[in-house]
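One structure is given here, and the rest of the page talks about it.
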Amino acid sequence: MNDTERPRLSVIIPAYNEEPRIGGTLEKIIQYFSKAEYSVEVVVVDDGSTDRTIATVEQKINRGLNLRILRNERNLGKGAAVRHGMLETAGQVRLFFDADGSTPIDQVEKVWTPLDQGADICLGSRTLPGSNIVVHQPWHRELMGRVFNLMVRLLAVGGFSDTQCGFKAFSARAAEIVFGRQQLNGFGFDVELLYIARKHGLRAAEVPVTWIDSPQSRVHPWRDARRMFFDLLRIRWHALRGLYR
């Protein structure tokens with residue numbers, strides 16, 4: 001498939017038991033891209049949901065948007081769902097976007113300039129000057145984020161203000177390089193992506209975004225902090241084994 005046949009943008013939404021939220025998120029996406037002047041495909045990757053996530057998404061198909069569903073037969077983790085979507089879509093630019101819509105979809109317009117100027121990856125950041133936090137995370141989650149970012153700088157990759165925002169855009173080439181080597185399925189996969197990107201000389205830019213915290217977030221402040229710490233150690237181990245070459 002040549003570039004003229006590829007959609008300009010693929011939006012990948014990982015979803016696990018998102019029945020309460022995915023319908024509203026997709027409705028906002030449909031309304032926003034109905035006015036877009038570029039071609040768009042939206043792919044929801046169901047990660048083994050046991051509720052009516054798939055049925056809710058199916059109700060939005062044929063609403064004037066190129067929308068489809070990919071499925072993992074069992075729950076593998078957010079990292080696995082994003083990887084599945086990134087490697088199965090064809091967009092010239094591929095954005096992964098959290099199902100809760102904490103970063104509004106209109107923020108996608110901020111990624112075009114950095115990518116057009118030569119960046120391979122564009123990251124949404126909640127901490128850069130110019131970011132707009134409409135609803136903050138609870139204090140303990142913000143503290144966890146700051147501590148985790150410090151550990152990221154010490155153990156994996158430095159130079160980024162926010163590695164965990166669920167709003168990241170990749171050129172097609174960058175997506176194929178990075179996700180083709182990704183090993184982690186848990187929350188630490190965001191850091192792994194940046195580690196692989198830097199190892200392969202890809203350039204990443206950050207842009208400030210609007211953020212509206214979702215009270216239904218599934219991130220557990222202590223349990224997931226421990227898991228993410230061990231994911232950082234796994235990144236170092238995978239690098240030593242040569243899995244990111």
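Residue numbering restarts at 1 in every chain; chains get A, B, ... in the order shown in the structure tokens, and ligands count up from 1 in that same order.
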For range 90-98 of chain A, list every protein, DNA or RNA residue within 6 Å, evaluated using only C-alpha atoms, and leave out those in the same chain fewer than 2 positions away; present the list as a list of chain:residue names.
A:Arg6, A:Pro7, A:Arg8, A:Leu9, A:Ser10, A:Val11, A:Ile12, A:Ile13, A:Asp100, A:Gly101, A:Gly166, A:Phe167, A:Lys168, A:Ala169, A:Phe170, A:Ser171, A:Ala172
Contacts of Ile54 in chain A at 10 Å (only C-alpha atoms; same-chain gap of 5+ positions) as a list in words
Ala15, Tyr16, Asn17, Glu18, Glu19, Ile22, Val44, Val45, Asp46, Gly48, Ser49, Gln59, Ile69, Leu70 and Arg71 of chain A
Could you dump the residues just selected with N, CA and C atoms as a compact mmCIF listing (two decimals), in the first residue's frame?
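In the end it all went to selection.txt:
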# COMPACT_ATOMS: atom_id res chain seq x y z
N ALA A 15 -8.97 -1.21 24.70
CA ALA A 15 -10.18 -1.25 25.52
C ALA A 15 -10.31 -2.58 26.24
N TYR A 16 -10.48 -2.50 27.55
CA TYR A 16 -10.75 -3.69 28.35
C TYR A 16 -11.89 -3.36 29.31
N ASN A 17 -13.05 -3.99 29.11
CA ASN A 17 -14.24 -3.74 29.92
C ASN A 17 -14.55 -2.24 30.01
N GLU A 18 -14.67 -1.62 28.84
CA GLU A 18 -14.91 -0.18 28.74
C GLU A 18 -16.35 0.14 28.36
N GLU A 19 -17.27 -0.77 28.61
CA GLU A 19 -18.67 -0.52 28.24
C GLU A 19 -19.20 0.81 28.75
N ILE A 22 -16.73 3.75 26.56
CA ILE A 22 -16.30 3.74 25.17
C ILE A 22 -17.31 4.37 24.23
N VAL A 44 -10.61 0.14 17.47
CA VAL A 44 -10.71 -0.24 18.88
C VAL A 44 -10.14 -1.65 19.02
N VAL A 45 -9.17 -1.80 19.90
CA VAL A 45 -8.58 -3.12 20.15
C VAL A 45 -9.15 -3.63 21.47
N ASP A 46 -10.06 -4.59 21.37
CA ASP A 46 -10.66 -5.18 22.56
C ASP A 46 -9.70 -6.20 23.16
N GLY A 48 -9.84 -8.69 25.33
CA GLY A 48 -10.47 -9.78 26.06
C GLY A 48 -11.56 -9.34 27.02
N SER A 49 -12.32 -8.31 26.66
CA SER A 49 -13.37 -7.81 27.55
C SER A 49 -14.42 -8.89 27.85
N GLN A 59 -22.25 -0.67 17.79
CA GLN A 59 -23.36 0.27 17.59
C GLN A 59 -22.91 1.56 16.91
N ILE A 69 -13.01 -3.07 14.67
CA ILE A 69 -12.61 -3.69 15.94
C ILE A 69 -11.57 -4.77 15.67
N LEU A 70 -10.51 -4.77 16.47
CA LEU A 70 -9.57 -5.88 16.54
C LEU A 70 -9.76 -6.53 17.91
N ARG A 71 -9.50 -7.83 17.99
CA ARG A 71 -9.76 -8.53 19.25
C ARG A 71 -8.55 -9.34 19.70
Residues near range 26-30 of chain A, anyone? I mean within 8 Å using only C-alpha atoms, not counting same-chain ones fewer than 5 positions away, as a list in words.
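The neighbour list is Val57, Lys60, Arg63, Gly64, Leu65 and Ile105 of chain A.
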Enumerate as number ranges by chain all residues of range 46-146 of chain A assigned to alpha helix (DSSP H) by DSSP on the backbone, naming them with the chain letters and numbers the document uses.
A: 53-58, 78-88, 112-116, 139-146
Just to be explicit: take each residue in the selection above, keep N, CA and C atoms, and write the result as a PDB file, in the first residue's frame.
ATOM      1  N   THR A  53     -18.387  -4.319  25.861  1.00  0.00           N
ATOM      2  CA  THR A  53     -17.546  -3.361  25.136  1.00  0.00           C
ATOM      3  C   THR A  53     -17.701  -3.520  23.627  1.00  0.00           C
ATOM      4  N   ILE A  54     -17.574  -4.738  23.123  1.00  0.00           N
ATOM      5  CA  ILE A  54     -17.635  -4.951  21.676  1.00  0.00           C
ATOM      6  C   ILE A  54     -18.998  -4.560  21.127  1.00  0.00           C
ATOM      7  N   ALA A  55     -20.058  -4.949  21.808  1.00  0.00           N
ATOM      8  CA  ALA A  55     -21.402  -4.599  21.338  1.00  0.00           C
ATOM      9  C   ALA A  55     -21.595  -3.089  21.311  1.00  0.00           C
ATOM     10  N   THR A  56     -21.043  -2.390  22.290  1.00  0.00           N
ATOM     11  CA  THR A  56     -21.159  -0.926  22.335  1.00  0.00           C
ATOM     12  C   THR A  56     -20.427  -0.291  21.168  1.00  0.00           C
ATOM     13  N   VAL A  57     -19.244  -0.810  20.850  1.00  0.00           N
ATOM     14  CA  VAL A  57     -18.486  -0.286  19.707  1.00  0.00           C
ATOM     15  C   VAL A  57     -19.226  -0.581  18.410  1.00  0.00           C
ATOM     16  N   GLU A  58     -19.767  -1.768  18.281  1.00  0.00           N
ATOM     17  CA  GLU A  58     -20.472  -2.149  17.045  1.00  0.00           C
ATOM     18  C   GLU A  58     -21.651  -1.220  16.763  1.00  0.00           C
ATOM     19  N   LYS A  78      -2.606  -3.551  28.431  1.00  0.00           N
ATOM     20  CA  LYS A  78      -2.713  -2.384  27.555  1.00  0.00           C
ATOM     21  C   LYS A  78      -1.607  -2.355  26.507  1.00  0.00           C
ATOM     22  N   GLY A  79      -0.383  -2.697  26.920  1.00  0.00           N
ATOM     23  CA  GLY A  79       0.725  -2.678  25.974  1.00  0.00           C
ATOM     24  C   GLY A  79       0.500  -3.610  24.807  1.00  0.00           C
ATOM     25  N   ALA A  80      -0.050  -4.792  25.086  1.00  0.00           N
ATOM     26  CA  ALA A  80      -0.335  -5.761  24.021  1.00  0.00           C
ATOM     27  C   ALA A  80      -1.424  -5.249  23.091  1.00  0.00           C
ATOM     28  N   ALA A  81      -2.436  -4.606  23.666  1.00  0.00           N
ATOM     29  CA  ALA A  81      -3.529  -4.094  22.842  1.00  0.00           C
ATOM     30  C   ALA A  81      -3.043  -2.974  21.920  1.00  0.00           C
ATOM     31  N   VAL A  82      -2.231  -2.073  22.448  1.00  0.00           N
ATOM     32  CA  VAL A  82      -1.707  -0.984  21.618  1.00  0.00           C
ATOM     33  C   VAL A  82      -0.813  -1.540  20.518  1.00  0.00           C
ATOM     34  N   ARG A  83       0.053  -2.490  20.861  1.00  0.00           N
ATOM     35  CA  ARG A  83       0.932  -3.102  19.851  1.00  0.00           C
ATOM     36  C   ARG A  83       0.119  -3.743  18.737  1.00  0.00           C
ATOM     37  N   HIS A  84      -0.925  -4.485  19.095  1.00  0.00           N
ATOM     38  CA  HIS A  84      -1.781  -5.130  18.099  1.00  0.00           C
ATOM     39  C   HIS A  84      -2.338  -4.091  17.131  1.00  0.00           C
ATOM     40  N   GLY A  85      -2.864  -3.001  17.685  1.00  0.00           N
ATOM     41  CA  GLY A  85      -3.434  -1.965  16.828  1.00  0.00           C
ATOM     42  C   GLY A  85      -2.410  -1.278  15.957  1.00  0.00           C
ATOM     43  N   MET A  86      -1.261  -0.958  16.535  1.00  0.00           N
ATOM     44  CA  MET A  86      -0.230  -0.228  15.783  1.00  0.00           C
ATOM     45  C   MET A  86       0.293  -1.035  14.601  1.00  0.00           C
ATOM     46  N   LEU A  87       0.391  -2.337  14.772  1.00  0.00           N
ATOM     47  CA  LEU A  87       0.954  -3.177  13.713  1.00  0.00           C
ATOM     48  C   LEU A  87      -0.090  -3.655  12.712  1.00  0.00           C
ATOM     49  N   GLU A  88      -1.376  -3.439  13.012  1.00  0.00           N
ATOM     50  CA  GLU A  88      -2.436  -3.874  12.107  1.00  0.00           C
ATOM     51  C   GLU A  88      -3.117  -2.712  11.392  1.00  0.00           C
ATOM     52  N   TRP A 112       0.638  17.479  14.411  1.00  0.00           N
ATOM     53  CA  TRP A 112       1.020  17.596  13.003  1.00  0.00           C
ATOM     54  C   TRP A 112       2.295  18.406  12.802  1.00  0.00           C
ATOM     55  N   THR A 113       2.419  19.534  13.480  1.00  0.00           N
ATOM     56  CA  THR A 113       3.598  20.378  13.247  1.00  0.00           C
ATOM     57  C   THR A 113       4.896  19.674  13.620  1.00  0.00           C
ATOM     58  N   PRO A 114       5.024  19.086  14.827  1.00  0.00           N
ATOM     59  CA  PRO A 114       6.279  18.371  15.127  1.00  0.00           C
ATOM     60  C   PRO A 114       6.581  17.247  14.146  1.00  0.00           C
ATOM     61  N   LEU A 115       5.563  16.481  13.757  1.00  0.00           N
ATOM     62  CA  LEU A 115       5.802  15.386  12.826  1.00  0.00           C
ATOM     63  C   LEU A 115       6.180  15.911  11.442  1.00  0.00           C
ATOM     64  N   ASP A 116       5.514  16.965  10.994  1.00  0.00           N
ATOM     65  CA  ASP A 116       5.842  17.546   9.692  1.00  0.00           C
ATOM     66  C   ASP A 116       7.237  18.155   9.686  1.00  0.00           C
ATOM     67  N   TRP A 139      -4.057  13.478  44.560  1.00  0.00           N
ATOM     68  CA  TRP A 139      -2.691  13.850  44.917  1.00  0.00           C
ATOM     69  C   TRP A 139      -1.748  12.649  44.938  1.00  0.00           C
ATOM     70  N   HIS A 140      -2.253  11.482  45.405  1.00  0.00           N
ATOM     71  CA  HIS A 140      -1.364  10.326  45.509  1.00  0.00           C
ATOM     72  C   HIS A 140      -0.965   9.810  44.132  1.00  0.00           C
ATOM     73  N   ARG A 141      -1.851   9.965  43.132  1.00  0.00           N
ATOM     74  CA  ARG A 141      -1.486   9.526  41.782  1.00  0.00           C
ATOM     75  C   ARG A 141      -0.524  10.516  41.137  1.00  0.00           C
ATOM     76  N   GLU A 142      -0.699  11.807  41.393  1.00  0.00           N
ATOM     77  CA  GLU A 142       0.261  12.789  40.876  1.00  0.00           C
ATOM     78  C   GLU A 142       1.642  12.562  41.501  1.00  0.00           C
ATOM     79  N   LEU A 143       1.670  12.259  42.806  1.00  0.00           N
ATOM     80  CA  LEU A 143       2.937  11.970  43.464  1.00  0.00           C
ATOM     81  C   LEU A 143       3.572  10.717  42.874  1.00  0.00           C
ATOM     82  N   MET A 144       2.769   9.678  42.657  1.00  0.00           N
ATOM     83  CA  MET A 144       3.279   8.458  42.053  1.00  0.00           C
ATOM     84  C   MET A 144       3.884   8.745  40.685  1.00  0.00           C
ATOM     85  N   GLY A 145       3.210   9.609  39.920  1.00  0.00           N
ATOM     86  CA  GLY A 145       3.710   9.955  38.591  1.00  0.00           C
ATOM     87  C   GLY A 145       5.053  10.653  38.642  1.00  0.00           C
ATOM     88  N   ARG A 146       5.216  11.559  39.592  1.00  0.00           N
ATOM     89  CA  ARG A 146       6.492  12.271  39.707  1.00  0.00           C
ATOM     90  C   ARG A 146       7.619  11.336  40.122  1.00  0.00           C
TER      91      ARG A 146
END
Output as a count of residues only all residues of range 38-221 of chain A that backbone DSSP marks as strand (DSSP E).
42
With only C-alpha atoms as the counted atoms, please give the residues lying no more than 12 Å from His238 in chain A, apart from itself and same-chain residues fewer than 4 positions off, as a list in words.
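My reading of the contact set: Ala156, Arg181, Gln182, Gln183, Leu184, Glu192, Tyr195, Ile196, Asp231, Leu232, Leu233, Arg234, Gly242, Leu243, Tyr244 and Arg245 of chain A.
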Write to file, as an mmCIF file, in the first residue's frame, the residues of the selection just made, with C-alpha atoms.
data_model
loop_
_atom_site.group_PDB
_atom_site.id
_atom_site.type_symbol
_atom_site.label_atom_id
_atom_site.label_comp_id
_atom_site.auth_asym_id
_atom_site.auth_seq_id
_atom_site.Cartn_x
_atom_site.Cartn_y
_atom_site.Cartn_z
ATOM 1 C CA ALA A 156 15.684 3.796 31.456
ATOM 2 C CA ARG A 181 10.435 -4.809 19.084
ATOM 3 C CA GLN A 182 8.176 -4.096 22.053
ATOM 4 C CA GLN A 183 8.244 -6.800 24.749
ATOM 5 C CA LEU A 184 6.181 -5.423 27.662
ATOM 6 C CA GLU A 192 9.920 0.823 26.677
ATOM 7 C CA TYR A 195 13.810 3.430 25.055
ATOM 8 C CA ILE A 196 13.570 1.533 21.755
ATOM 9 C CA ASP A 231 8.995 -3.135 34.179
ATOM 10 C CA LEU A 232 11.864 -0.632 34.206
ATOM 11 C CA LEU A 233 14.193 -3.419 35.319
ATOM 12 C CA ARG A 234 12.789 -5.654 32.581
ATOM 13 C CA GLY A 242 19.718 -7.699 22.631
ATOM 14 C CA LEU A 243 15.944 -7.855 22.129
ATOM 15 C CA TYR A 244 15.730 -4.219 21.003
ATOM 16 C CA ARG A 245 18.231 -4.427 18.148
#
Calculate how many Å separate CA of Arg74 in chain A from CA of Arg241 in chain A, rounding to one decimal.
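Those two atoms sit 27.8 Å apart.
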Interatomic distance, CA of Leu123 in chain A to CA of Pro104 in chain A (Å, one decimal)
14.0 Å
Surrounding residues of Lys110 in chain A excluding itself and chain neighbours under 6 positions, 10 Å, only C-alpha atoms, as a ChimeraX atom specification
/A:122-124,206-209
Writing out the chosen residues with N, CA and C atoms as a CSV table (one decimal), in the first residue's frame:
chain,number,residue,atom,x,y,z
A,122,CYS,N,5.4,11.9,18.5
A,122,CYS,CA,5.0,13.1,19.2
A,122,CYS,C,4.2,12.7,20.5
A,123,LEU,N,4.6,13.1,21.6
A,123,LEU,CA,4.0,12.7,22.9
A,123,LEU,C,3.2,13.8,23.5
A,124,GLY,N,2.0,13.5,24.0
A,124,GLY,CA,1.3,14.5,24.8
A,124,GLY,C,1.9,14.6,26.2
A,206,GLU,N,7.7,16.5,22.4
A,206,GLU,CA,6.6,16.6,23.4
A,206,GLU,C,5.8,17.8,23.1
A,207,VAL,N,4.5,17.7,23.3
A,207,VAL,CA,3.6,18.9,23.1
A,207,VAL,C,2.7,19.0,24.4
A,208,PRO,N,2.4,20.2,24.8
A,208,PRO,CA,1.4,20.3,26.0
A,208,PRO,C,0.0,20.0,25.5
A,209,VAL,N,-0.7,19.3,26.4
A,209,VAL,CA,-2.1,18.9,26.0
A,209,VAL,C,-3.0,19.2,27.1
Gap from CA of Trp211 in chain A to CA of Ser125 in chain A - Å, one decimal
8.9 Å
